[in-house]
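Participant: Structure supplied as protein15.txt; contents: compact mmCIF, C-alpha atoms.
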```
# COMPACT_ATOMS: atom_id res chain seq x y z
CA MET A 203 89.10 107.15 111.98
CA SER A 204 90.53 109.41 109.24
CA ILE A 205 93.81 108.97 107.37
CA VAL A 206 95.23 112.05 109.14
CA LYS A 207 94.46 110.65 112.61
CA LEU A 208 96.01 107.32 111.67
CA MET A 209 99.11 109.12 110.36
CA LEU A 210 99.39 111.06 113.61
CA PHE A 211 99.13 107.75 115.45
CA GLU A 212 102.03 106.40 113.34
CA TYR A 213 104.09 109.54 113.96
CA ARG A 214 103.66 109.17 117.71
CA ARG A 215 105.04 105.64 117.46
CA ILE A 216 108.14 106.60 115.46
CA TRP A 217 109.01 110.22 116.28
CA LYS A 218 111.72 109.47 118.86
CA LEU A 219 113.62 107.09 116.59
CA TYR A 220 113.12 109.41 113.62
CA LEU A 221 114.41 112.40 115.58
CA ALA A 222 117.44 110.39 116.72
CA LEU A 223 118.12 109.41 113.09
CA ALA A 224 117.81 113.01 111.90
CA ILE A 225 120.10 114.34 114.66
CA GLY A 226 122.63 111.60 113.93
CA ILE A 227 122.69 112.47 110.22
CA LEU A 228 123.00 116.18 111.02
CA VAL A 229 125.89 115.77 113.46
CA VAL A 230 127.83 113.22 111.38
CA GLN A 231 127.58 115.19 108.15
CA LEU A 232 128.36 118.62 109.58
CA LEU A 233 131.34 117.29 111.55
CA SER A 234 132.60 115.50 108.44
CA ILE A 235 132.22 118.58 106.25
CA TRP A 236 133.89 120.83 108.83
CA TYR A 237 136.80 118.48 109.49
CA GLY A 238 137.36 117.73 105.80
CA SER A 239 137.38 121.42 104.92
CA TYR A 240 139.70 122.19 107.82
CA GLN A 241 142.17 119.52 106.71
CA ILE A 242 142.25 120.71 103.09
CA ALA A 243 142.62 124.35 104.14
CA SER A 244 145.43 123.47 106.58
CA ILE A 245 147.42 121.70 103.88
CA TYR A 246 147.26 124.64 101.47
CA MET A 247 147.83 127.23 104.20
CA GLU A 248 151.00 125.37 105.17
CA ASN A 249 152.01 125.24 101.51
CA ALA A 250 151.50 129.00 101.24
CA ARG A 251 153.56 129.62 104.39
CA ILE A 252 156.48 127.50 103.15
CA SER A 253 156.47 128.85 99.58
CA GLY A 254 155.81 132.46 100.53
CA ARG A 255 152.92 132.74 98.08
CA SER A 256 149.49 134.17 98.84
CA TYR A 257 146.44 132.00 99.45
CA LEU A 258 144.90 133.18 96.17
CA GLN A 259 148.05 132.22 94.23
CA ILE A 260 147.98 128.76 95.81
CA ALA A 261 144.28 128.37 94.99
CA GLN A 262 144.82 129.36 91.35
CA GLU A 263 147.91 127.20 90.92
CA TYR A 264 146.54 124.00 92.49
CA GLY A 265 142.87 124.42 91.60
CA VAL A 266 141.85 124.13 95.24
CA SER A 267 138.39 122.58 95.66
CA PHE A 268 136.27 122.08 98.77
CA PHE A 269 133.61 119.90 97.18
CA GLN A 270 135.17 116.65 98.39
CA PRO A 271 134.16 116.98 102.09
CA PHE A 272 130.53 117.00 100.96
CA HIS A 273 131.01 113.60 99.34
CA GLY A 274 133.21 111.95 101.96
CA PHE A 275 132.51 108.50 103.34
CA PRO A 276 130.77 109.68 106.57
CA VAL A 277 128.34 111.81 104.54
CA ILE A 278 127.48 109.09 102.02
CA ALA A 279 127.37 106.41 104.73
CA SER A 280 124.94 108.42 106.87
CA ILE A 281 122.62 108.82 103.88
CA MET A 282 122.80 105.12 103.03
CA ILE A 283 122.08 104.18 106.65
CA SER A 284 119.04 106.46 106.70
CA ILE A 285 117.76 104.89 103.46
CA ALA A 286 118.26 101.41 104.92
CA ALA A 287 116.49 102.46 108.14
CA LEU A 288 113.47 103.74 106.23
CA LEU A 289 113.34 100.58 104.10
CA LEU A 290 113.40 98.49 107.27
CA TYR A 291 110.68 100.63 108.83
CA SER A 292 108.58 100.23 105.67
CA CYS A 293 108.34 96.55 106.61
CA LEU A 294 108.15 97.02 110.38
CA ILE A 295 105.26 99.48 110.05
CA TRP A 296 103.16 96.44 109.10
CA TYR A 297 104.80 93.56 110.94
CA ARG A 298 105.00 95.21 114.36
CA ASP A 299 101.19 95.36 114.39
CA TRP A 300 101.13 91.54 114.54
CA VAL A 301 103.63 91.30 117.43
CA GLY A 302 102.49 90.58 120.99
CA LYS A 303 99.72 88.74 122.71
CA TYR A 304 97.21 91.48 121.96
CA ALA A 305 98.32 92.38 118.45
CA MET A 306 97.76 95.95 117.31
CA ALA A 307 96.50 94.62 113.96
CA GLN A 308 93.68 92.81 115.74
CA ARG A 309 92.59 96.02 117.44
CA LEU A 310 92.96 98.16 114.32
CA PHE A 311 91.06 95.75 112.09
CA THR A 312 88.18 95.52 114.55
CA LEU A 313 87.73 99.29 114.70
CA PRO A 314 84.87 100.76 112.63
CA ILE A 315 87.23 102.20 110.01
CA ASN A 316 87.73 101.67 106.33
CA ARG A 317 90.79 99.47 105.90
CA SER A 318 91.87 101.60 102.94
CA SER A 319 92.49 104.42 105.45
CA LEU A 320 94.89 102.13 107.30
CA TYR A 321 96.75 101.35 104.07
CA PHE A 322 97.08 104.95 102.90
CA SER A 323 98.06 106.21 106.35
CA LYS A 324 101.02 103.82 106.44
CA LEU A 325 101.96 104.61 102.84
CA PHE A 326 101.83 108.39 103.29
CA THR A 327 103.60 108.17 106.66
CA ILE A 328 106.61 106.42 105.11
CA PHE A 329 106.70 108.76 102.13
CA SER A 330 106.46 111.86 104.34
CA LEU A 331 109.35 110.58 106.46
CA VAL A 332 111.41 110.20 103.28
CA LEU A 333 110.57 113.74 102.16
CA GLY A 334 111.44 115.01 105.64
CA LEU A 335 114.95 113.58 105.37
CA ILE A 336 115.31 115.07 101.87
CA VAL A 337 114.46 118.53 103.23
CA LEU A 338 116.90 117.95 106.09
CA GLN A 339 119.63 117.00 103.60
CA PHE A 340 119.07 120.24 101.68
CA PHE A 341 119.48 122.33 104.83
CA ILE A 342 122.54 120.30 105.87
CA LEU A 343 124.17 121.27 102.57
CA LEU A 344 123.30 124.93 103.22
CA ALA A 345 124.73 124.72 106.73
CA GLY A 346 127.78 122.87 105.39
CA ILE A 347 128.48 125.68 102.93
CA GLY A 348 128.26 128.13 105.83
CA LEU A 349 130.73 126.03 107.83
CA VAL A 350 133.17 126.01 104.92
CA TYR A 351 133.00 129.80 104.65
CA LEU A 352 133.63 130.10 108.40
CA THR A 353 136.53 127.61 108.35
CA VAL A 354 138.33 128.31 105.07
CA PRO A 355 140.10 131.56 104.10
CA SER A 356 137.98 133.33 101.49
CA GLU A 357 140.90 133.42 99.00
CA PHE A 358 140.72 129.65 98.62
CA LEU A 359 137.05 129.85 97.68
CA GLN A 360 137.37 132.47 94.95
CA THR A 361 138.33 129.88 92.34
CA ASP A 362 135.25 127.67 93.01
CA ASP A 363 131.62 128.08 92.01
CA PHE A 364 130.72 127.08 95.54
CA SER A 365 126.97 126.57 95.70
CA ILE A 366 124.40 123.83 96.32
CA GLN A 367 123.94 123.39 92.56
CA ALA A 368 127.69 122.90 92.11
CA ILE A 369 127.89 120.44 95.01
CA ILE A 370 125.01 118.40 93.57
CA ALA A 371 126.54 118.45 90.09
CA TYR A 372 129.93 117.33 91.47
CA GLU A 373 128.71 113.78 92.03
CA ARG A 374 125.76 111.81 90.60
CA PHE A 375 124.75 110.51 94.04
CA PHE A 376 123.48 113.92 95.15
CA SER A 377 121.87 114.62 91.78
CA VAL A 378 119.66 111.57 92.38
CA LEU A 379 118.96 112.45 95.99
CA LEU A 380 118.28 116.14 95.24
CA PRO A 381 117.09 116.37 91.60
CA SER A 382 117.79 119.68 89.92
CA THR A 383 114.50 119.81 87.96
CA PHE A 384 110.90 119.24 88.96
CA THR A 385 110.50 116.60 86.25
CA ASN A 386 113.43 114.59 87.61
CA PHE A 387 112.04 114.98 91.13
CA LEU A 388 108.68 113.57 90.05
CA LEU A 389 110.29 110.64 88.23
CA ILE A 390 112.79 109.70 90.94
CA TYR A 391 110.46 110.02 93.91
CA GLY A 392 107.53 108.74 91.87
CA ALA A 393 109.60 105.58 91.32
CA GLY A 394 110.26 105.48 95.05
CA PHE A 395 106.55 105.80 95.78
CA THR A 396 105.82 102.99 93.32
CA PHE A 397 108.45 100.84 95.03
CA LEU A 398 106.67 101.37 98.35
CA THR A 399 103.33 100.24 96.90
CA VAL A 400 104.97 97.10 95.47
CA LEU A 401 106.66 96.40 98.81
CA PHE A 402 103.31 96.75 100.59
CA VAL A 403 101.76 94.23 98.18
CA MET A 404 104.54 91.76 98.97
CA ILE A 405 104.00 92.20 102.73
CA LEU A 406 100.22 91.84 102.47
CA LEU A 407 100.54 88.76 100.26
CA GLU A 408 102.74 87.18 102.92
CA ARG A 409 100.25 88.18 105.65
CA SER A 410 97.42 86.71 103.59
CA PHE A 411 98.93 83.44 102.38
CA ARG A 412 102.02 83.01 104.60
CA VAL A 413 104.72 80.90 102.84
CA LYS A 414 102.85 80.78 99.54
CA GLY A 415 102.44 84.54 99.79
CA VAL A 416 106.22 85.01 99.81
CA PHE A 417 106.48 83.35 96.41
CA LEU A 418 103.49 85.32 95.12
CA GLY A 419 105.16 88.51 96.34
CA VAL A 420 108.37 87.71 94.51
CA ILE A 421 106.38 87.00 91.33
CA PHE A 422 104.53 90.31 91.64
CA ALA A 423 107.76 92.24 92.26
CA SER A 424 109.35 90.56 89.23
CA TRP A 425 106.34 91.50 87.11
CA SER A 426 106.60 95.12 88.29
CA ILE A 427 110.29 95.31 87.41
CA ALA A 428 109.67 93.67 84.04
CA LEU A 429 106.82 96.05 83.19
CA ASN A 430 108.80 99.21 83.94
CA GLY A 431 112.06 97.87 82.52
CA PHE A 432 110.48 96.61 79.30
CA GLY A 433 108.62 99.86 78.71
CA THR A 434 111.81 101.88 79.03
CA TYR A 435 113.83 99.39 76.97
CA LEU A 436 111.25 99.39 74.18
CA SER A 437 111.07 103.17 74.04
CA VAL A 438 114.87 103.40 73.77
CA GLN A 439 114.99 100.72 71.07
CA LEU A 440 112.41 102.65 69.05
CA HIS A 441 114.73 105.69 69.23
CA LEU A 442 112.10 107.90 70.78
CA PHE A 443 112.86 111.38 72.03
CA GLU A 444 113.94 111.71 75.66
CA ARG A 445 110.63 113.35 76.54
CA GLU A 446 108.74 110.38 75.08
CA VAL A 447 110.96 107.89 76.93
CA LEU A 448 110.28 109.67 80.22
CA PHE A 449 106.56 109.76 79.44
CA ILE A 450 106.47 105.98 78.90
CA LEU A 451 108.43 105.41 82.12
CA ALA A 452 106.03 107.67 84.02
CA LEU A 453 103.08 105.80 82.47
CA THR A 454 104.36 102.37 83.55
CA LEU A 455 105.12 103.69 87.05
CA VAL A 456 101.60 105.07 87.41
CA LEU A 457 100.13 101.80 86.09
CA THR A 458 102.22 99.78 88.55
CA THR A 459 101.18 102.05 91.42
CA ILE A 460 97.47 101.76 90.58
CA ILE A 461 97.60 97.95 90.25
CA SER A 462 99.65 97.61 93.45
CA THR A 463 97.28 99.86 95.39
CA LEU A 464 94.14 98.07 94.18
CA LEU A 465 95.65 94.66 94.96
CA SER A 466 96.73 95.81 98.43
CA LEU A 467 93.27 97.16 99.21
CA PHE A 468 91.69 93.90 98.04
CA LEU A 469 94.03 91.88 100.25
CA LEU A 470 93.39 94.11 103.26
CA LYS A 471 89.63 93.87 102.90
CA ARG A 472 89.27 90.21 101.89
CA LYS A 473 92.37 88.15 102.63
CA VAL A 474 94.60 89.47 105.40
CA LEU A 475 94.54 87.26 108.49
CA VAL A 476 94.59 88.95 111.90
```
Show this structure as structure tokens.

Facilitator:
Amino acid sequence: MSIVKLMLFEYRRIWKLYLALAIGILVVQLLSIWYGSYQIASIYMENARISGRSYLQIAQEYGVSFFQPFHGFPVIASIMISIAALLLYSCLIWYRDWVGKYAMAQRLFTLPINRSSLYFSKLFTIFSLVLGLIVLQFFILLAGIGLVYLTVPSEFLQTDDFSIQAIIAYERFFSVLLPSTFTNFLLIYGAGFTFLTVLFVMILLERSFRVKGVFLGVIFASWSIALNGFGTYLSVQLHLFEREVLFILALTLVLTTIISTLLSLFLLKRKVLV
């Protein structure tokens, strides 16, 4: 069975929950952006009515901004919940296969397939789900900007550089979630991919050695953090250029990913108990 077929099998098991999560994020964020923009616009429209000044005069005098609704608590909370849900699923994607009288793991491991295909299918499934939510977040921001333009008088928006780039730059949270450069994208989501491989090692160590495996997993995770942290710390202490610091970080991330993947494949083939 190929990696693609195994990924499709995983998608069939999760698509309903994933769709519900995506719809929930979409509804919560768009309602929050619309309501926040409506509230801000109402306050300044009332101010203009009382003072007799135009909307543009009010906007110029008070520096009216509509960035805040994009960074309100419902928006940030929905993103954090989706991250937590994907982290939880990163564990469940393995552990649920051991649940039940006729465990799915037993059936999968007895199929005439290379166990590495099983590993990579789960890894790429999780990562593709993450990328799917990132794309969704980008289109939510686009739709949110459209909602603001439909809700708010255009005079209030003339004093703002109202664009996705400006919204992302307004708060660091979005600049991490939606990096502005390809290099930052590779580093941030490369680190996320490395984290997944380390998490998979911890799970497979526990599946292989049970209680002792938990301690081994913690040791391996600590080693991974130390390797990447020390490499970055050393490069900063040596006063290297930013490009060189990023190169060393990328190098340690790649090294961690390779070691994690090789160890996971070894555990799957030689140690994991069904």

Participant: Given only C-alpha atoms, how would the per-residue table for region 313-353 of chain A near region 396-401 of chain A read, listing every residue at most 10 Å away with its closest atom pair and distance in Å to one decimal, sorted by chain and number, as a Markdown table?

Facilitator:
```
| residue | atom | partner | partner_atom | distance |
| --- | --- | --- | --- | --- |
| A:Tyr321 | CA | A:Thr399 | CA | 9.8 |
| A:Phe322 | CA | A:Thr399 | CA | 9.9 |
| A:Leu325 | CA | A:Leu398 | CA | 7.3 |
| A:Phe326 | CA | A:Leu398 | CA | 9.9 |
| A:Ile328 | CA | A:Leu398 | CA | 8.4 |
| A:Phe329 | CA | A:Leu398 | CA | 8.3 |
```

Participant: Using only C-alpha atoms, what does the table of region 314-418 of chain A residues within 10 Å of region 255-269 of chain A look like, with each row giving the shortest atom pair and its distance in Å to one decimal, sorted by chain and ascending number, as a tab-separated table?

Facilitator:
```
residue	atom	partner	partner_atom	distance
A:Ile347	CA	A:Phe268	CA	9.5
A:Val350	CA	A:Phe268	CA	7.9
A:Val354	CA	A:Phe268	CA	9.1
A:Pro355	CA	A:Tyr257	CA	7.9
A:Ser356	CA	A:Leu258	CA	8.7
A:Glu357	CA	A:Leu258	CA	4.9
A:Phe358	CA	A:Ala261	CA	5.2
A:Leu359	CA	A:Ser267	CA	7.7
A:Gln360	CA	A:Leu258	CA	7.7
A:Thr361	CA	A:Gln262	CA	6.6
A:Asp362	CA	A:Ser267	CA	6.5
A:Asp363	CA	A:Ser267	CA	9.5
A:Phe364	CA	A:Phe269	CA	7.9
A:Ser365	CA	A:Phe269	CA	9.5
A:Ala368	CA	A:Phe269	CA	8.4
A:Ile369	CA	A:Phe269	CA	6.1
A:Ile370	CA	A:Phe269	CA	9.4
A:Tyr372	CA	A:Phe269	CA	7.3
A:Glu373	CA	A:Phe269	CA	9.4
```

Participant: So, counting only C-alpha atoms, which residue among A:Trp296, A:Leu352, A:Ile227, A:Arg445 is closest to Gln339 (chain A)?

Facilitator: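 For Gln339 (chain A), the nearest of the given residues is A:Ile227.
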
Participant: Rank nothing, just name the residue among A:Ile205, A:Leu406, A:Ala345, A:Val413 nearest to Asn316 (chain A), using only C-alpha atoms.

Facilitator: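 Checking each candidate against Asn316 (chain A), we get A:Ile205 as the closest.
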
Participant: Calculate, to one decimal in Å, the centre and edge lengths of the box along x, y and z of the file that holds all listed atoms of region 380-386 of chain A with 4 Å of margin on each side, and present them as lines of an AutoDock Vina configuration file.

Facilitator:
```
center_x = 114.4
center_y = 117.2
center_z = 90.7
size_x = 15.8
size_y = 13.2
size_z = 17.0
```

Participant: Skipping near chain neighbours, those fewer than 3 positions away, what residues fall within 12 Å of Glu408 (chain A) using all atoms listed in the file, listed as a list in words?

Facilitator: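 Those residues are Cys293, Trp296, Tyr297, Leu401, Phe402, Val403, Met404, Ile405, Phe411, Arg412, Val413, Lys414, Gly415, Val416, Phe417, Leu418, Gly419, Val420, Phe422, Ser466, Leu469, Leu470, Lys473, Val474 and Leu475 of chain A.
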
Participant: I want to know what sits within 12 Å of Ile285 (chain A), based on only C-alpha atoms, with residues of the same chain fewer than 2 positions away left out; could you give that as a list in words?

Facilitator: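 That gives Leu223, Ala224, Ile227, Ile278, Ala279, Ser280, Ile281, Met282, Ile283, Ala287, Leu288, Leu289, Leu290, Tyr291, Ser292, Ile328, Phe329, Leu331, Val332, Leu333, Leu335, Ile336, Leu379 and Gly394 of chain A.
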
Participant: Would you mind putting back N, CA, C and O atoms on region 216-238 of chain A, then writing it out as a compact mmCIF listing (two decimals), in the frame of the given file?

Facilitator:
```
# COMPACT_ATOMS: atom_id res chain seq x y z
N ILE A 216 106.81 106.62 116.09
CA ILE A 216 108.14 106.60 115.46
C ILE A 216 108.95 107.87 115.73
O ILE A 216 110.16 107.90 115.48
N TRP A 217 108.35 108.93 116.29
CA TRP A 217 109.01 110.22 116.28
C TRP A 217 110.34 110.23 117.02
O TRP A 217 111.29 110.92 116.61
N LYS A 218 110.47 109.47 118.11
CA LYS A 218 111.72 109.47 118.86
C LYS A 218 112.85 108.86 118.05
O LYS A 218 113.96 109.42 118.00
N LEU A 219 112.58 107.73 117.42
CA LEU A 219 113.62 107.09 116.59
C LEU A 219 113.94 107.95 115.37
O LEU A 219 115.10 108.07 114.97
N TYR A 220 112.91 108.56 114.79
CA TYR A 220 113.12 109.41 113.62
C TYR A 220 113.94 110.65 113.98
O TYR A 220 114.84 111.04 113.23
N LEU A 221 113.64 111.24 115.13
CA LEU A 221 114.41 112.40 115.58
C LEU A 221 115.86 112.02 115.85
O LEU A 221 116.78 112.77 115.49
N ALA A 222 116.07 110.85 116.46
CA ALA A 222 117.44 110.39 116.72
C ALA A 222 118.19 110.18 115.41
O ALA A 222 119.38 110.53 115.30
N LEU A 223 117.50 109.61 114.41
CA LEU A 223 118.12 109.41 113.09
C LEU A 223 118.48 110.74 112.46
O LEU A 223 119.60 110.91 111.94
N ALA A 224 117.57 111.70 112.50
CA ALA A 224 117.81 113.01 111.90
C ALA A 224 118.97 113.73 112.59
O ALA A 224 119.84 114.32 111.92
N ILE A 225 119.01 113.68 113.92
CA ILE A 225 120.10 114.34 114.66
C ILE A 225 121.42 113.65 114.34
O ILE A 225 122.45 114.32 114.17
N GLY A 226 121.40 112.34 114.28
CA GLY A 226 122.63 111.60 113.93
C GLY A 226 123.17 112.00 112.57
O GLY A 226 124.37 112.24 112.40
N ILE A 227 122.28 112.06 111.57
CA ILE A 227 122.69 112.47 110.22
C ILE A 227 123.26 113.88 110.25
O ILE A 227 124.30 114.17 109.65
N LEU A 228 122.57 114.78 110.94
CA LEU A 228 123.00 116.18 111.02
C LEU A 228 124.39 116.31 111.63
O LEU A 228 125.28 116.97 111.06
N VAL A 229 124.61 115.66 112.76
CA VAL A 229 125.89 115.77 113.46
C VAL A 229 127.01 115.14 112.64
O VAL A 229 128.08 115.75 112.47
N VAL A 230 126.79 113.93 112.14
CA VAL A 230 127.83 113.22 111.38
C VAL A 230 128.23 114.02 110.15
O VAL A 230 129.43 114.20 109.86
N GLN A 231 127.25 114.50 109.40
CA GLN A 231 127.58 115.19 108.15
C GLN A 231 128.25 116.53 108.39
O GLN A 231 129.23 116.87 107.72
N LEU A 232 127.75 117.31 109.34
CA LEU A 232 128.36 118.62 109.58
C LEU A 232 129.77 118.49 110.15
O LEU A 232 130.67 119.25 109.76
N LEU A 233 129.99 117.53 111.04
CA LEU A 233 131.34 117.29 111.55
C LEU A 233 132.27 116.85 110.44
O LEU A 233 133.43 117.29 110.36
N SER A 234 131.78 115.98 109.55
CA SER A 234 132.60 115.50 108.44
C SER A 234 132.96 116.63 107.48
O SER A 234 134.11 116.75 107.03
N ILE A 235 131.98 117.46 107.17
CA ILE A 235 132.22 118.58 106.25
C ILE A 235 133.20 119.58 106.88
O ILE A 235 134.14 120.05 106.21
N TRP A 236 132.98 119.89 108.15
CA TRP A 236 133.89 120.83 108.83
C TRP A 236 135.31 120.29 108.89
O TRP A 236 136.27 120.99 108.54
N TYR A 237 135.46 119.04 109.32
CA TYR A 237 136.80 118.48 109.49
C TYR A 237 137.50 118.31 108.14
O TYR A 237 138.70 118.61 108.01
N GLY A 238 136.76 117.87 107.12
CA GLY A 238 137.36 117.73 105.80
C GLY A 238 137.83 119.06 105.24
O GLY A 238 138.92 119.16 104.67
```
